[in-house]
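> Next comes the structure file structure14.pdb, holding PDB, C-alpha atoms.
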ATOM      1  CA  MET A   1      27.192 225.771  84.613
ATOM      2  CA  ILE A   2      26.726 229.037  82.762
ATOM      3  CA  CYS A   3      27.995 231.988  84.794
ATOM      4  CA  PRO A   4      26.532 235.247  83.496
ATOM      5  CA  GLN A   5      28.804 238.272  83.427
ATOM      6  CA  LEU A   6      28.784 241.776  82.052
ATOM      7  CA  SER A   7      30.210 242.256  78.572
ATOM      8  CA  ALA A   8      33.461 244.203  78.288
ATOM      9  CA  ASP A   9      31.612 247.425  77.428
ATOM     10  CA  GLY A  10      29.153 246.896  80.284
ATOM     11  CA  LEU A  11      26.128 247.190  77.987
ATOM     12  CA  ALA A  12      25.011 243.550  77.883
ATOM     13  CA  VAL A  13      24.924 240.366  79.911
ATOM     14  CA  ARG A  14      27.224 237.700  78.499
ATOM     15  CA  LEU A  15      26.443 233.990  78.827
ATOM     16  CA  PRO A  16      29.777 232.311  78.070
ATOM     17  CA  ILE A  17      29.386 229.009  76.244
ATOM     18  CA  ALA A  18      32.811 228.687  74.608
ATOM     19  CA  ALA A  19      33.742 225.671  76.728
ATOM     20  CA  HIS A  20      30.668 223.857  75.424
ATOM     21  CA  VAL A  21      31.576 224.662  71.829
ATOM     22  CA  GLU A  22      35.124 223.444  72.375
ATOM     23  CA  GLN A  23      33.833 220.119  73.740
ATOM     24  CA  LEU A  24      31.500 219.713  70.773
ATOM     25  CA  LEU A  25      34.240 220.465  68.230
ATOM     26  CA  ASP A  26      36.605 218.055  69.971
ATOM     27  CA  GLY A  27      33.957 215.325  69.927
ATOM     28  CA  LEU A  28      33.230 215.951  66.260
ATOM     29  CA  ALA A  29      36.946 215.859  65.428
ATOM     30  CA  LEU A  30      37.325 212.533  67.224
ATOM     31  CA  ALA A  31      34.310 211.125  65.386
ATOM     32  CA  TYR A  32      35.784 212.320  62.079
ATOM     33  CA  ALA A  33      39.128 210.713  62.921
ATOM     34  CA  GLU A  34      37.356 207.407  63.587
ATOM     35  CA  ASP A  35      35.226 207.395  60.417
ATOM     36  CA  ALA A  36      36.057 210.279  58.104
ATOM     37  CA  ASP A  37      33.848 209.024  55.249
ATOM     38  CA  ALA A  38      30.659 208.743  57.301
ATOM     39  CA  VAL A  39      31.166 211.975  59.245
ATOM     40  CA  GLY A  40      32.235 213.773  56.063
ATOM     41  CA  ARG A  41      29.014 212.709  54.342
ATOM     42  CA  LEU A  42      26.992 213.888  57.341
ATOM     43  CA  LEU A  43      28.792 217.257  57.345
ATOM     44  CA  THR A  44      28.235 217.659  53.613
ATOM     45  CA  ALA A  45      24.541 216.785  53.908
ATOM     46  CA  HIS A  46      24.091 219.115  56.855
ATOM     47  CA  GLY A  47      25.874 221.938  55.045
ATOM     48  CA  ALA A  48      23.578 221.506  52.043
ATOM     49  CA  ASN A  49      20.518 221.462  54.310
ATOM     50  CA  VAL A  50      21.651 224.649  56.057
ATOM     51  CA  VAL A  51      22.212 226.420  52.723
ATOM     52  CA  ARG A  52      18.736 225.375  51.548
ATOM     53  CA  LEU A  53      17.218 226.566  54.826
ATOM     54  CA  ASP A  54      19.055 229.902  54.643
ATOM     55  CA  HIS A  55      17.709 230.397  51.117
ATOM     56  CA  ALA A  56      14.177 229.586  52.284
ATOM     57  CA  VAL A  57      14.411 232.023  55.182
ATOM     58  CA  VAL A  58      15.452 234.996  53.031
ATOM     59  CA  SER A  59      13.272 234.162  50.026
ATOM     60  CA  GLU A  60      10.185 236.334  49.908
ATOM     61  CA  ASP A  61       8.211 233.939  47.703
ATOM     62  CA  MET A  62       9.042 230.693  49.528
ATOM     63  CA  PRO A  63       5.904 228.994  50.895
ATOM     64  CA  GLU A  64       5.862 228.509  54.669
ATOM     65  CA  TYR A  65       5.513 224.732  54.312
ATOM     66  CA  GLU A  66       8.754 224.689  52.276
ATOM     67  CA  ARG A  67      10.550 226.651  55.004
ATOM     68  CA  ALA A  68       9.264 224.182  57.576
ATOM     69  CA  MET A  69      10.411 221.195  55.504
ATOM     70  CA  ARG A  70      13.877 222.684  55.039
ATOM     71  CA  ALA A  71      14.117 223.497  58.750
ATOM     72  CA  ALA A  72      13.183 219.895  59.566
ATOM     73  CA  ALA A  73      15.833 218.591  57.170
ATOM     74  CA  ALA A  74      18.483 220.809  58.794
ATOM     75  CA  ASP A  75      17.340 219.696  62.253
ATOM     76  CA  GLY A  76      17.559 216.063  61.171
ATOM     77  CA  SER A  77      21.057 216.317  59.737
ATOM     78  CA  ARG A  78      22.191 218.292  62.809
ATOM     79  CA  GLU A  79      20.832 215.557  65.072
ATOM     80  CA  ALA A  80      22.670 212.930  63.012
ATOM     81  CA  LEU A  81      25.919 214.856  63.438
ATOM     82  CA  LEU A  82      25.348 215.276  67.159
ATOM     83  CA  ALA A  83      24.807 211.530  67.441
ATOM     84  CA  GLU A  84      28.335 211.070  66.090
ATOM     85  CA  ALA A  85      29.753 213.272  68.859
ATOM     86  CA  PRO A  86      28.518 211.697  72.118
ATOM     87  CA  VAL A  87      29.938 214.584  74.137
ATOM     88  CA  ALA A  88      26.975 216.616  72.839
ATOM     89  CA  ASP A  89      24.720 214.794  75.300
ATOM     90  CA  ASP A  90      26.485 216.548  78.177
ATOM     91  CA  LEU A  91      26.470 220.080  76.764
ATOM     92  CA  ASP A  92      23.132 221.239  78.127
ATOM     93  CA  ASP A  93      23.216 222.505  81.663
ATOM     94  CA  LEU A  94      20.535 220.852  83.774
ATOM     95  CA  LEU A  95      19.754 223.055  86.732
ATOM     96  CA  ASP A  96      18.017 222.029  89.917
ATOM     97  CA  PRO A  97      15.436 224.562  91.159
ATOM     98  CA  ASP A  98      17.798 226.314  93.604
ATOM     99  CA  THR A  99      20.532 226.685  90.991
ATOM    100  CA  ALA A 100      18.007 227.960  88.434
ATOM    101  CA  ILE A 101      16.732 230.554  90.896
ATOM    102  CA  THR A 102      20.312 231.630  91.678
ATOM    103  CA  LEU A 103      21.093 231.981  87.957
ATOM    104  CA  ALA A 104      17.893 233.972  87.412
ATOM    105  CA  GLY A 105      18.867 236.260  90.289
ATOM    106  CA  ARG A 106      22.341 236.851  88.816
ATOM    107  CA  LEU A 107      20.871 237.629  85.414
ATOM    108  CA  THR A 108      18.356 240.011  86.945
ATOM    109  CA  ARG A 109      21.008 241.839  88.988
ATOM    110  CA  LEU A 110      23.307 242.251  85.988
ATOM    111  CA  ALA A 111      20.484 243.409  83.722
ATOM    112  CA  ALA A 112      19.266 245.864  86.374
ATOM    113  CA  HIS A 113      22.808 247.222  86.701
ATOM    114  CA  ILE A 114      22.962 247.837  82.949
ATOM    115  CA  ARG A 115      19.500 249.390  82.812
ATOM    116  CA  HIS A 116      20.288 251.653  85.753
ATOM    117  CA  ARG A 117      23.502 252.869  84.084
ATOM    118  CA  THR A 118      22.114 253.316  80.556
ATOM    119  CA  ASN A 119      18.587 254.639  81.173
ATOM    120  CA  ARG A 120      19.470 257.659  83.236
ATOM    121  CA  SER A 121      17.840 260.813  81.983
ATOM    122  CA  PRO A 122      19.945 263.933  82.077
ATOM    123  CA  ARG A 123      18.835 266.252  84.846
ATOM    124  CA  PRO A 124      18.342 269.955  84.065
TER     125      PRO A 124
END
Would you write out, as structure tokens, the structure that this file holds?


Amino acid sequence: MICPQLSADGLAVRLPIAAHVEQLLDGLALAYAEDADAVGRLLTAHGANVVRLDHAVVSEDMPEYERAMRAAAADGSREALLAEAPVADDLDDLLDPDTAITLAGRLTRLAAHIRHRTNRSPRP
């Protein structure tokens, strides 16, 4: 489960997800070791789709439908890669109502702590 904490400087709430990223990279590496050609092609296709999407996002004259098509292509190639790394299915935290309320309370307390410390007006 995600455990919110204050950032080192105390100015933001940090939601650590590094363990999830590590699991995903490990799963992708295992998939690549099993079938380097197929996973390599998927990575190459996804990389190309991401570059095309990035170009569409920053281009001022790109029609919105083109951006949407490129976003869909990137989503599709990302999903294909995730399918090769079955560990990705377990990366999302599913919270029961009590756990979700507890997490929301922690986030609220940390954010209130930051706001209280940073929004003080100097007194005359």

> Work out how far apart atom CA of A:Met62 and atom CA of A:Leu43 are and give it in Å to one decimal.

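That distance, rounded to one decimal, is 25.1 Å.
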
> For A:Glu79, find every residue with an atom within 12 Å (counting only C-alpha atoms), except residues of its own chain fewer than 3 positions away, and show them as a list in words.

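Using only C-alpha atoms, the neighbours found are Leu42, Leu43, Ala45, His46, Ala72, Ala73, Ala74, Asp75, Gly76, Leu82, Ala83, Glu84, Ala85, Pro86, Ala88 and Asp89 of chain A.
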
> Compare A:Ile2, A:Leu81, A:Val57, A:Val13 by their minimum atom-to-atom distance to A:Tyr32, counting all atoms listed in the file, and give me the closest one.

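Checking each of A:Ile2, A:Leu81, A:Val57, A:Val13 against A:Tyr32, counting all atoms listed in the file, the winner is A:Leu81.
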
> Apply the PyMOL selection byres ((chain A and resi 14-20) around 7) to the file shown and report the selected residues as a list in words.

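Evaluating the PyMOL selection byres ((chain A and resi 14-20) around 7) on these coordinates yields Ile2, Cys3, Pro4, Gln5, Leu6, Ser7, Ala12, Val13, Val21, Glu22, Gln23, Leu24 and Leu91 of chain A.
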
> Mind writing the picked residues with C-alpha atoms as a PDB file, in the coordinates of the input?


ATOM      1  CA  ILE A   2      26.726 229.037  82.762  1.00  0.00           C
ATOM      2  CA  CYS A   3      27.995 231.988  84.794  1.00  0.00           C
ATOM      3  CA  PRO A   4      26.532 235.247  83.496  1.00  0.00           C
ATOM      4  CA  GLN A   5      28.804 238.272  83.427  1.00  0.00           C
ATOM      5  CA  LEU A   6      28.784 241.776  82.052  1.00  0.00           C
ATOM      6  CA  SER A   7      30.210 242.256  78.572  1.00  0.00           C
ATOM      7  CA  ALA A  12      25.011 243.550  77.883  1.00  0.00           C
ATOM      8  CA  VAL A  13      24.924 240.366  79.911  1.00  0.00           C
ATOM      9  CA  VAL A  21      31.576 224.662  71.829  1.00  0.00           C
ATOM     10  CA  GLU A  22      35.124 223.444  72.375  1.00  0.00           C
ATOM     11  CA  GLN A  23      33.833 220.119  73.740  1.00  0.00           C
ATOM     12  CA  LEU A  24      31.500 219.713  70.773  1.00  0.00           C
ATOM     13  CA  LEU A  91      26.470 220.080  76.764  1.00  0.00           C
TER      14      LEU A  91
END

> When distances are computed from all atoms listed in the file, which of A:Glu64, A:Ser77, A:Leu28, A:Leu103 shows the smallest separation from A:Val50?

A:Ser77

> Around all listed atoms of stretch 11-15 of chain A, padded 8 Å per side, what centre and edge lengths does the axis-aligned box have in Å to one decimal, as JSON?


{"center_x": 26.1, "center_y": 240.6, "center_z": 78.9, "size_x": 18.3, "size_y": 29.2, "size_z": 18.0}

> Just give me the gap between atom CA of A:Ala8 and atom CA of A:Ala104 in Å, one decimal is fine.

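Taking atom CA of A:Ala8 as the start and atom CA of A:Ala104 as the end point, the length is 20.7 Å.
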
> Write out as a compact mmCIF listing (two decimals) with C-alpha atoms, keeping the file's coordinate frame which residues come within 10 Å of A:Thr118 when counting all atoms listed in the file, dropping same-chain ones fewer than 4 positions away.


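And here is the file that came out, part.txt:
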# COMPACT_ATOMS: atom_id res chain seq x y z
CA GLY A 10 29.15 246.90 80.28
CA LEU A 11 26.13 247.19 77.99
CA ALA A 112 19.27 245.86 86.37
CA HIS A 113 22.81 247.22 86.70
CA ILE A 114 22.96 247.84 82.95

> Would you mind reading off the distance between atom CA of A:Glu66 and atom CA of A:Arg52, one decimal, in Å?

10.0 Å

> Would you mind telling me which residue in A:Met69, A:Asp61, A:Val87, A:Thr44 lies nearest to A:Gly27 when using only C-alpha atoms?

A:Val87

> Quick one: of A:Arg115, A:Asn49, A:Arg41, A:Thr99, who's nearest to A:Arg70, counting only C-alpha atoms?

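Residue with the minimum atom-to-atom distance to A:Arg70: A:Asn49.
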
> With distances taken over only C-alpha atoms, which of A:Ala56, A:Ala48, A:Ala29, A:Val39 is nearest to A:Ala68?

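The answer is A:Ala56, which sits nearest to A:Ala68.
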
> From the list A:Arg117, A:Arg67, A:Pro97, A:Asp92, which residue is nearest A:His55 when using all atoms listed in the file?

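Closest residue, counting all atoms listed in the file: A:Arg67.
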